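Chemist: Okay, so here is final.cif, and as you'll see once you scroll down, it has mmCIF, C-alpha atoms and all ligand atoms.
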data_data
loop_
_atom_site.label_atom_id
_atom_site.label_comp_id
_atom_site.auth_asym_id
_atom_site.auth_seq_id
_atom_site.Cartn_x
_atom_site.Cartn_y
_atom_site.Cartn_z
CA LEU A 13 -17.72 -169.34 -55.42
CA ALA A 14 -15.69 -172.10 -57.01
CA ILE A 15 -12.42 -171.50 -55.15
CA GLU A 16 -14.18 -171.33 -51.80
CA GLU A 17 -15.93 -174.63 -52.52
CA GLN A 18 -12.93 -176.48 -53.89
CA ILE A 19 -10.35 -175.32 -51.37
CA HIS A 20 -11.88 -177.47 -48.64
CA GLY A 21 -10.38 -180.91 -48.99
CA ALA A 22 -7.88 -179.82 -51.65
CA LEU A 23 -5.02 -180.90 -49.41
CA GLU A 24 -6.65 -184.25 -48.58
CA ARG A 25 -7.30 -184.90 -52.27
CA GLY A 26 -3.60 -184.43 -52.97
CA GLU A 27 -4.10 -181.36 -55.15
CA LEU A 28 -1.40 -179.26 -53.49
CA GLN A 29 2.26 -179.39 -54.31
CA ALA A 30 5.39 -177.56 -53.20
CA HIS A 31 7.56 -175.88 -55.78
CA PHE A 32 11.01 -174.49 -55.04
CA GLN A 33 12.74 -171.41 -56.40
CA ILE A 34 16.52 -171.18 -56.06
CA GLN A 35 18.16 -168.38 -54.12
CA LEU A 36 21.62 -167.63 -55.51
CA ASP A 37 24.58 -166.35 -53.48
CA ILE A 38 25.69 -163.52 -55.77
CA ARG A 39 29.21 -163.29 -54.36
CA ASP A 40 30.37 -166.84 -55.13
CA GLY A 41 27.64 -168.03 -57.50
CA SER A 42 26.64 -170.90 -55.21
CA ILE A 43 23.10 -172.01 -54.47
CA MET A 44 22.29 -170.57 -51.05
CA GLY A 45 18.84 -172.10 -50.68
CA ALA A 46 15.33 -172.11 -52.10
CA GLU A 47 11.92 -170.64 -51.37
CA ALA A 48 9.08 -173.15 -51.11
CA LEU A 49 5.90 -171.97 -52.84
CA LEU A 50 2.49 -173.65 -52.81
CA ARG A 51 0.92 -174.77 -56.08
CA TRP A 52 -2.69 -175.90 -56.42
CA ASN A 53 -4.01 -177.94 -59.33
CA ASN A 54 -7.74 -178.68 -59.14
CA PRO A 55 -9.59 -180.90 -61.65
CA ALA A 56 -12.38 -178.34 -62.07
CA LEU A 57 -10.38 -175.11 -61.79
CA GLY A 58 -7.00 -176.08 -63.24
CA ASN A 59 -3.97 -174.31 -61.79
CA VAL A 60 -5.06 -171.69 -59.31
CA SER A 61 -2.53 -168.98 -58.45
CA PRO A 62 -1.56 -168.65 -54.80
CA ALA A 63 -2.26 -164.94 -55.16
CA GLU A 64 -5.90 -166.04 -55.57
CA PHE A 65 -6.20 -168.95 -53.18
CA ILE A 66 -3.94 -167.92 -50.28
CA PRO A 67 -6.27 -165.07 -49.20
CA ILE A 68 -9.21 -167.50 -49.25
CA ALA A 69 -7.19 -170.13 -47.41
CA GLU A 70 -6.53 -167.41 -44.83
CA GLN A 71 -10.19 -166.49 -44.42
CA THR A 72 -11.37 -170.06 -44.17
CA GLY A 73 -8.53 -171.23 -41.94
CA VAL A 74 -7.29 -173.97 -44.29
CA ILE A 75 -4.01 -172.03 -44.39
CA GLU A 76 -3.24 -173.83 -41.11
CA PRO A 77 -2.98 -177.38 -42.54
CA MET A 78 -1.54 -175.95 -45.77
CA GLY A 79 1.16 -174.20 -43.74
CA GLU A 80 2.06 -177.47 -42.04
CA PHE A 81 2.10 -179.22 -45.40
CA ILE A 82 4.50 -176.74 -47.03
CA LEU A 83 6.74 -176.75 -43.96
CA THR A 84 6.99 -180.55 -44.10
CA ARG A 85 7.77 -180.51 -47.84
CA ALA A 86 10.34 -177.74 -47.29
CA LEU A 87 12.15 -179.57 -44.50
CA GLU A 88 12.19 -182.84 -46.46
CA ALA A 89 13.65 -181.00 -49.42
CA ALA A 90 16.32 -179.25 -47.35
CA ARG A 91 17.37 -182.48 -45.69
CA ILE A 92 17.74 -184.33 -48.99
CA TRP A 93 19.59 -181.40 -50.58
CA GLN A 94 21.96 -181.13 -47.62
CA ASN A 95 22.72 -184.85 -47.70
CA LYS A 96 23.37 -184.81 -51.45
CA PHE A 97 25.11 -181.48 -51.96
CA ASN A 98 25.96 -179.11 -49.16
CA ASP A 99 25.19 -178.58 -45.53
CA ASN A 100 24.57 -174.86 -45.76
CA PHE A 101 21.49 -175.08 -47.97
CA ARG A 102 18.54 -173.26 -46.42
CA VAL A 103 14.87 -173.42 -47.23
CA ALA A 104 12.36 -170.57 -46.94
CA ILE A 105 8.62 -170.72 -46.32
CA ASN A 106 6.04 -167.94 -46.23
CA LEU A 107 4.06 -167.39 -43.04
CA SER A 108 0.72 -165.60 -43.23
CA PRO A 109 -1.10 -163.46 -40.63
CA ARG A 110 -3.59 -166.14 -39.69
CA GLN A 111 -0.81 -168.55 -38.70
CA PHE A 112 0.34 -166.07 -36.07
CA ARG A 113 -3.05 -166.35 -34.37
CA ASN A 114 -2.16 -169.95 -33.54
CA PRO A 115 -0.61 -169.90 -30.05
CA ASN A 116 1.22 -173.15 -30.94
CA LEU A 117 2.95 -171.72 -34.02
CA VAL A 118 6.43 -171.52 -32.48
CA GLN A 119 6.16 -174.95 -30.88
CA SER A 120 4.80 -176.63 -33.99
CA ILE A 121 7.57 -175.19 -36.21
CA THR A 122 10.20 -176.19 -33.64
CA ASP A 123 8.75 -179.71 -33.38
CA GLN A 124 8.75 -180.24 -37.14
CA VAL A 125 12.33 -179.01 -37.48
CA ASN A 126 13.41 -181.38 -34.69
CA THR A 127 11.50 -184.26 -36.26
CA PHE A 128 13.53 -183.83 -39.44
CA GLY A 129 16.77 -183.53 -37.50
CA MET A 130 17.32 -180.07 -38.95
CA ARG A 131 18.77 -176.96 -37.32
CA PRO A 132 16.71 -173.77 -36.88
CA GLU A 133 19.15 -171.89 -39.10
CA ASP A 134 18.22 -174.25 -41.95
CA LEU A 135 14.79 -172.61 -42.08
CA GLU A 136 13.98 -169.10 -43.21
CA LEU A 137 10.58 -167.66 -42.35
CA GLU A 138 9.31 -165.00 -44.77
CA ILE A 139 6.92 -162.45 -43.32
CA THR A 140 5.05 -159.81 -45.31
CA GLU A 141 3.85 -156.51 -44.01
CA GLY A 142 0.39 -158.08 -43.71
CA VAL A 143 1.67 -160.08 -40.74
CA LEU A 144 3.06 -156.98 -39.06
CA LEU A 145 0.04 -154.78 -39.84
CA SER A 146 -2.16 -157.19 -37.96
CA GLY A 147 0.08 -155.79 -35.24
CA HIS A 148 -0.84 -157.93 -32.26
CA ALA A 149 1.55 -158.24 -29.35
CA TYR A 150 1.63 -162.00 -29.88
CA THR A 151 2.99 -161.53 -33.42
CA LEU A 152 6.00 -159.63 -32.10
CA ASP A 153 6.28 -162.17 -29.33
CA ALA A 154 6.24 -165.14 -31.70
CA LEU A 155 8.79 -163.50 -34.02
CA LYS A 156 11.12 -162.79 -31.09
CA GLN A 157 10.79 -166.39 -29.89
CA LEU A 158 11.49 -167.75 -33.37
CA SER A 159 14.46 -165.46 -33.78
CA ASP A 160 15.84 -166.33 -30.33
CA ALA A 161 15.46 -170.01 -31.23
CA GLY A 162 17.76 -169.41 -34.22
CA PHE A 163 15.30 -169.31 -37.11
CA CYS A 164 16.07 -166.80 -39.85
CA ILE A 165 13.29 -164.23 -40.20
CA SER A 166 13.03 -162.29 -43.43
CA MET A 167 10.97 -159.30 -44.49
CA ASP A 168 9.27 -160.08 -47.81
CA ASP A 169 8.28 -157.57 -50.51
CA PHE A 170 10.37 -154.84 -48.89
CA GLY A 171 9.78 -151.33 -50.18
CA THR A 172 6.09 -151.73 -50.92
CA GLY A 173 3.34 -150.80 -48.48
CA TYR A 174 3.79 -148.61 -45.43
CA SER A 175 6.50 -147.72 -42.92
CA SER A 176 8.84 -150.63 -43.60
CA LEU A 177 11.62 -148.76 -41.80
CA SER A 178 9.90 -148.90 -38.45
CA TYR A 179 9.49 -152.65 -38.91
CA LEU A 180 13.25 -152.98 -39.25
CA ARG A 181 13.59 -151.22 -35.92
CA THR A 182 11.00 -153.33 -34.12
CA TYR A 183 11.33 -156.83 -35.53
CA PRO A 184 14.32 -159.19 -35.57
CA PHE A 185 14.93 -159.49 -39.33
CA GLU A 186 18.09 -161.15 -40.63
CA ILE A 187 17.16 -160.85 -44.29
CA LEU A 188 15.33 -158.29 -46.35
CA LYS A 189 13.84 -159.18 -49.74
CA ILE A 190 13.66 -156.22 -52.12
CA ASP A 191 10.32 -156.35 -53.92
CA ARG A 192 10.57 -157.38 -57.54
CA SER A 193 8.93 -154.15 -58.76
CA PHE A 194 12.19 -152.33 -57.91
CA ILE A 195 14.26 -154.87 -59.84
CA SER A 196 12.01 -154.76 -62.92
CA ASP A 197 12.28 -150.94 -62.94
CA MET A 198 16.09 -150.95 -62.75
CA ASN A 199 17.58 -148.63 -65.39
CA LYS A 200 14.07 -147.56 -66.41
CA ASP A 201 13.51 -144.66 -64.10
CA GLY A 202 16.23 -142.67 -62.39
CA LYS A 203 15.10 -143.70 -58.93
CA SER A 204 14.91 -147.49 -58.61
CA ASN A 205 18.68 -147.99 -58.81
CA GLU A 206 19.30 -145.36 -56.13
CA LEU A 207 16.62 -146.86 -53.89
CA ILE A 208 18.11 -150.33 -54.27
CA ILE A 209 21.61 -149.04 -53.47
CA ALA A 210 20.35 -147.15 -50.42
CA THR A 211 18.33 -150.16 -49.22
CA ILE A 212 21.33 -152.48 -49.47
CA GLU A 213 23.56 -150.00 -47.61
CA MET A 214 20.97 -149.47 -44.90
CA ALA A 215 20.40 -153.20 -44.46
CA HIS A 216 24.12 -153.92 -44.24
CA ALA A 217 24.57 -151.15 -41.69
CA LEU A 218 21.96 -152.96 -39.58
CA GLY A 219 23.62 -156.35 -40.10
CA ILE A 220 20.82 -157.51 -42.39
CA ARG A 221 21.48 -159.40 -45.64
CA VAL A 222 19.58 -158.66 -48.85
CA ILE A 223 17.82 -160.81 -51.45
CA ALA A 224 16.79 -159.20 -54.75
CA GLU A 225 13.54 -160.72 -56.01
CA GLY A 226 12.39 -161.06 -59.60
CA VAL A 227 15.84 -161.01 -61.22
CA GLU A 228 15.15 -161.73 -64.89
CA THR A 229 18.24 -160.53 -66.79
CA GLN A 230 22.01 -160.97 -66.57
CA GLU A 231 22.31 -157.18 -66.69
CA GLN A 232 20.21 -156.88 -63.53
CA LEU A 233 22.28 -159.56 -61.81
CA ASP A 234 25.57 -157.90 -62.77
CA GLU A 235 24.35 -154.57 -61.51
CA LEU A 236 23.09 -156.08 -58.25
CA SER A 237 26.48 -157.72 -57.78
CA PHE A 238 28.13 -154.32 -58.26
CA MET A 239 25.69 -152.90 -55.69
CA MET A 240 26.90 -155.53 -53.16
CA CYS A 241 23.51 -157.27 -53.01
CA ASP A 242 23.97 -160.61 -51.23
CA TYR A 243 21.48 -162.93 -52.93
CA ALA A 244 19.26 -163.11 -56.00
CA GLN A 245 16.06 -164.95 -56.83
CA GLY A 246 14.20 -164.86 -60.13
CA PHE A 247 13.48 -166.39 -63.51
CA LEU A 248 17.07 -165.73 -64.73
CA ILE A 249 18.30 -168.28 -62.21
CA SER A 250 15.26 -170.56 -62.12
CA LYS A 251 11.50 -170.37 -62.00
CA PRO A 252 9.82 -172.23 -59.12
CA VAL A 253 10.05 -175.97 -59.93
CA PRO A 254 9.02 -179.29 -58.33
CA PHE A 255 11.61 -180.85 -56.03
CA ASP A 256 12.82 -183.46 -58.52
CA GLU A 257 13.62 -180.67 -60.98
CA LEU A 258 15.39 -178.74 -58.25
CA LEU A 259 17.57 -181.79 -57.62
CA GLU A 260 18.34 -182.00 -61.35
CA ILE A 261 19.53 -178.40 -61.23
CA GLY A 262 21.69 -179.28 -58.23
CA ILE A 263 23.25 -182.25 -60.04
CA HIS A 264 24.10 -180.25 -63.16
CA TYR A 265 25.05 -177.04 -61.42
CA LYS A 266 28.55 -175.84 -62.36
O1 LIG A 301 4.45 -168.32 -56.47
P1 LIG A 301 3.68 -167.07 -56.76
O2 LIG A 301 4.45 -165.85 -57.19
O3 LIG A 301 2.54 -167.31 -57.68
O4 LIG A 301 3.04 -166.67 -55.35
C1 LIG A 301 2.10 -165.67 -55.23
C2 LIG A 301 1.97 -165.27 -53.80
O5 LIG A 301 1.55 -166.37 -52.98
C3 LIG A 301 3.28 -164.77 -53.22
O6 LIG A 301 2.99 -163.60 -52.49
C4 LIG A 301 3.70 -165.87 -52.30
O7 LIG A 301 4.44 -165.36 -51.21
C5 LIG A 301 2.38 -166.47 -51.85
N1 LIG A 301 2.57 -167.86 -51.43
C6 LIG A 301 3.03 -168.89 -52.16
N2 LIG A 301 3.13 -170.00 -51.40
C7 LIG A 301 2.74 -169.64 -50.14
C8 LIG A 301 2.63 -170.36 -48.90
O8 LIG A 301 2.97 -171.53 -48.75
N3 LIG A 301 2.16 -169.64 -47.82
C9 LIG A 301 1.81 -168.34 -47.93
N4 LIG A 301 1.37 -167.72 -46.84
N5 LIG A 301 1.92 -167.64 -49.07
C10 LIG A 301 2.38 -168.29 -50.17
O1 LIG A 302 5.30 -162.62 -52.66
P1 LIG A 302 6.45 -163.50 -53.02
O2 LIG A 302 7.67 -162.68 -53.18
O3 LIG A 302 6.66 -164.67 -52.13
O4 LIG A 302 6.11 -164.03 -54.47
C1 LIG A 302 6.93 -164.83 -55.19
C2 LIG A 302 6.27 -164.86 -56.53
O5 LIG A 302 7.06 -164.20 -57.51
C3 LIG A 302 6.02 -166.26 -57.03
O6 LIG A 302 4.70 -166.37 -57.47
C4 LIG A 302 6.96 -166.40 -58.20
O7 LIG A 302 6.40 -167.24 -59.20
C5 LIG A 302 7.11 -164.98 -58.69
N1 LIG A 302 8.41 -164.76 -59.31
C6 LIG A 302 9.57 -165.33 -58.93
N2 LIG A 302 10.60 -164.91 -59.73
C7 LIG A 302 10.06 -164.05 -60.61
C8 LIG A 302 10.62 -163.29 -61.69
O8 LIG A 302 11.82 -163.30 -61.97
N3 LIG A 302 9.76 -162.50 -62.38
C9 LIG A 302 8.44 -162.43 -62.09
N4 LIG A 302 7.68 -161.64 -62.85
N5 LIG A 302 7.87 -163.14 -61.09
C10 LIG A 302 8.67 -163.94 -60.36
NA NA A 303 7.89 -164.88 -50.26
MN MN A 304 8.32 -161.36 -52.13
#
Write the structure described by the file as C-alpha cells, please.
Ligand code: G
Ligand code: G
Ligand code: NA
Ligand code: MN

Modeler:
Amino acid sequence: LAIEEQIHGALERGELQAHFQIQLDIRDGSIMGAEALLRWNNPALGNVSPAEFIPIAEQTGVIEPMGEFILTRALEAARIWQNKFNDNFRVAINLSPRQFRNPNLVQSITDQVNTFGMRPEDLELEITEGVLLSGHAYTLDALKQLSDAGFCISMDDFGTGYSSLSYLRTYPFEILKIDRSFISDMNKDGKSNELIIATIEMAHALGIRVIAEGVETQEQLDELSFMMCDYAQGFLISKPVPFDELLEIGIHYK
C-alpha cells in the first residue's frame, strides 16, 4: 500500500514536520506549554493524518527515528520559547508502545534533554492506554525511571478505553488529559459534565493536574474554569501550528 511504501525514507526526504498546539493555564490565562504533533506531507499522498501513519510507523519500526525527530524539534522549540518568553514553558511529546520496547528509551530521552541544556520538568511525556495495555514489566519500569528522573508523565485520552482508574493507581502520572469526546459532549447529554467534574475532583485528590482536550468554544472554557480544570487545549485557543507561527502567537499574546 501507498503509505507503507512512502513512509520509508519520509524522514530522510524531509517530509516530516513538527506542529505545536498551545496548552493554556486556565487559572491565569498564561501559556503553560505546547504539545508537539507530527505532520507528514508526501508529494504523492499529500498530507497524511498521523491517525493513519502512526500505526504503520509503529508496525514498521520507523516510529523510532520519528520519535527522536519530534523530541529534537520539541526540545529546540521549548528552549527558544523559554529564552524569548518565560522559563516555565513546557513541551509535550507522544510516546507510542513500540518506543517502550527500546531498552535505551530512558537513556536516549535523558541524553537529548541534557544536550539541549533543558531540565526534565520541561518535558511532558504523553502515554495512551495502548502503551499500558502492552503491559510489559519494562513499560512500568521505564515510566518509573522517567518519573523518578523528573519528567512529567501524562495519561492521554483519559476516559476512553478500559480500566483507566487502575492505571492511575499503578503508574506515576502527574497530568491527566480528558479525552475531547467528553468536552464536545458538554451540555449535550446530562452525563458528560458530571463525569468531567468527578474526573477533575478525583485527579486533584490524587495530586494530579488536568488538561481538557478539544476545547472549541468560550462556553466550554468558562465552564471548565468553573469546574477547576487546570489547563485547556483546543481549537478555541489554537490549532496545531508550525513553530514560527507558535512564536508569532507568543509575541502577540496579551
Ligand atoms: O494531530 P492529530 O490530532 O491529527 O493526531 C492524531 C493522532 O496522532 C493523535 O492520537 C496523536 O496523539 C498522534 N500523534 C501525533 N503526533 C505523534 C507523535 O509524534 N508520536 C505519536 N506516537 N503519536 C502522535
Ligand atoms: O490523541 P491526541 O489527543 O494526541 O490527539 C490530538 C489530536 O486532536 C490532534 O490531531 C489535533 O489536531 C486534534 N485536536 C486538537 N484540538 C482539537 C479541537 O479543539 N477539536 C478537534 N476536533 N480536534 C482537535
Ligand atoms: Na497526545
Ligand atoms: Mn489526547

Chemist: Would you kindly return, as a PDB file with C-alpha atoms, in the coordinates of the input, each protein, DNA or RNA residue with an atom no farther than 6 Å from any atom of Gln245 (chain A), considering all atoms listed in the file and excluding same-chain residues fewer than 4 positions away?

Modeler:
ATOM      1  CA  GLN A  35      18.160-168.380 -54.120  1.00  0.00           C
ATOM      2  CA  GLU A 225      13.540-160.720 -56.010  1.00  0.00           C
ATOM      3  CA  VAL A 227      15.840-161.010 -61.220  1.00  0.00           C
TER       4      VAL A 227
END

Chemist: Let me know the centre plus edge lengths, in Å and rounded to one decimal, of a box with edges along x, y and z that contains all listed atoms of region 183-188 of chain A and is padded by 5 Å on every side, as lines of an AutoDock Vina configuration file.

Modeler:
center_x = 14.7
center_y = -159.0
center_z = -40.9
size_x = 16.8
size_y = 14.3
size_z = 20.8

Chemist: For chain A versus ligand NA 303 (chain A), which residues have an atom no more than 7 Å away, and what is each residue's nearest atom pair and distance in Å rounded to one decimal, using only C-alpha atoms and all ligand atoms, chain-then-number order, as JSON lines?

Modeler:
{"residue": "A:Asn106", "atom": "CA", "partner": "A:NA303", "partner_atom": "NA", "distance": 5.4}
{"residue": "A:Glu138", "atom": "CA", "partner": "A:NA303", "partner_atom": "NA", "distance": 5.7}
{"residue": "A:Asp168", "atom": "CA", "partner": "A:NA303", "partner_atom": "NA", "distance": 5.6}

Chemist: If you count all atoms listed in the file, which residues fall within 10 Å of region 201-212 of chain A, apart from same-chain ones fewer than 4 positions away, as an MDAnalysis selection string?

Modeler: chainID A and resid 170:171 188 190:191 193:197 216:218 220:224 235:236 238:242

Chemist: Between A:Leu158, A:Met167, A:Leu258, A:Leu13, single out the one closest to ligand LIG 301 (chain A), counting all atoms listed in the file.

Modeler: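 Counting all atoms listed in the file, the residue closest to ligand LIG 301 (chain A) is A:Met167.
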
Chemist: What lies within 7 Å of Glu133 (chain A) using all atoms listed in the file, ignoring chain neighbours under 3 positions off, as an MDAnalysis selection string?

Modeler: chainID A and resid 162:164

Chemist: Which of these, A:Glu141, A:Glu88, A:Glu80, A:Asp153, has the shortest distance to ligand LIG 302 (chain A) once you count all atoms listed in the file?

Modeler: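 Smallest distance to ligand LIG 302 (chain A) is found for A:Glu141.
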
Chemist: Let me make sure I understand: among A:Phe97, A:Leu87, A:Asn114, A:Ile165, which one has the smallest atom-to-atom distance to Thr127 (chain A) if we use only C-alpha atoms?

Modeler: A:Leu87

Chemist: Would you pick out the contacts of Thr182 (chain A) at 12 Å or less, using only C-alpha atoms, so that residues sharing its chain but fewer than 2 positions from it are not included, and give the list as a list in words?

Modeler: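 Neighbouring residues, sequence-local ones excluded: Leu144, Gly147, Ala149, Thr151, Leu152, Asp153, Leu155, Lys156, Met167, Ser175, Ser176, Leu177, Ser178, Tyr179, Leu180, Pro184 and Phe185 of chain A.
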
Chemist: Can you work out the spacing between CA of Gly79 (chain A) and CA of Asn95 (chain A) in Å, to one decimal?

Modeler: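 Computing it gives 24.4 Å between the two atoms.
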
Chemist: May I have the protein, DNA and RNA residues with any atom at most 12 Å from the point (27.9, -175.1, -58.5), counting only C-alpha atoms, written as a list in words?

Modeler: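 Those residues, ordered by chain and then number, are Leu36, Asp37, Asp40, Gly41, Ser42, Ile43, Met44, Phe97, Asn98, Ile261, Gly262, Ile263, His264, Tyr265 and Lys266 of chain A.
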
Chemist: Just give me the gap between CA of Ala86 (chain A) and CA of Asp134 (chain A) in Å, one decimal is fine.

Modeler: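 Answer for the CA of Ala86 (chain A) to CA of Asp134 (chain A) separation: 10.1 Å.
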
Chemist: In Å to one decimal, how far is atom O3 of ligand LIG 302 (chain A) from CA of Gln33 (chain A)?

Modeler: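 These two atoms are separated by 10.0 Å.
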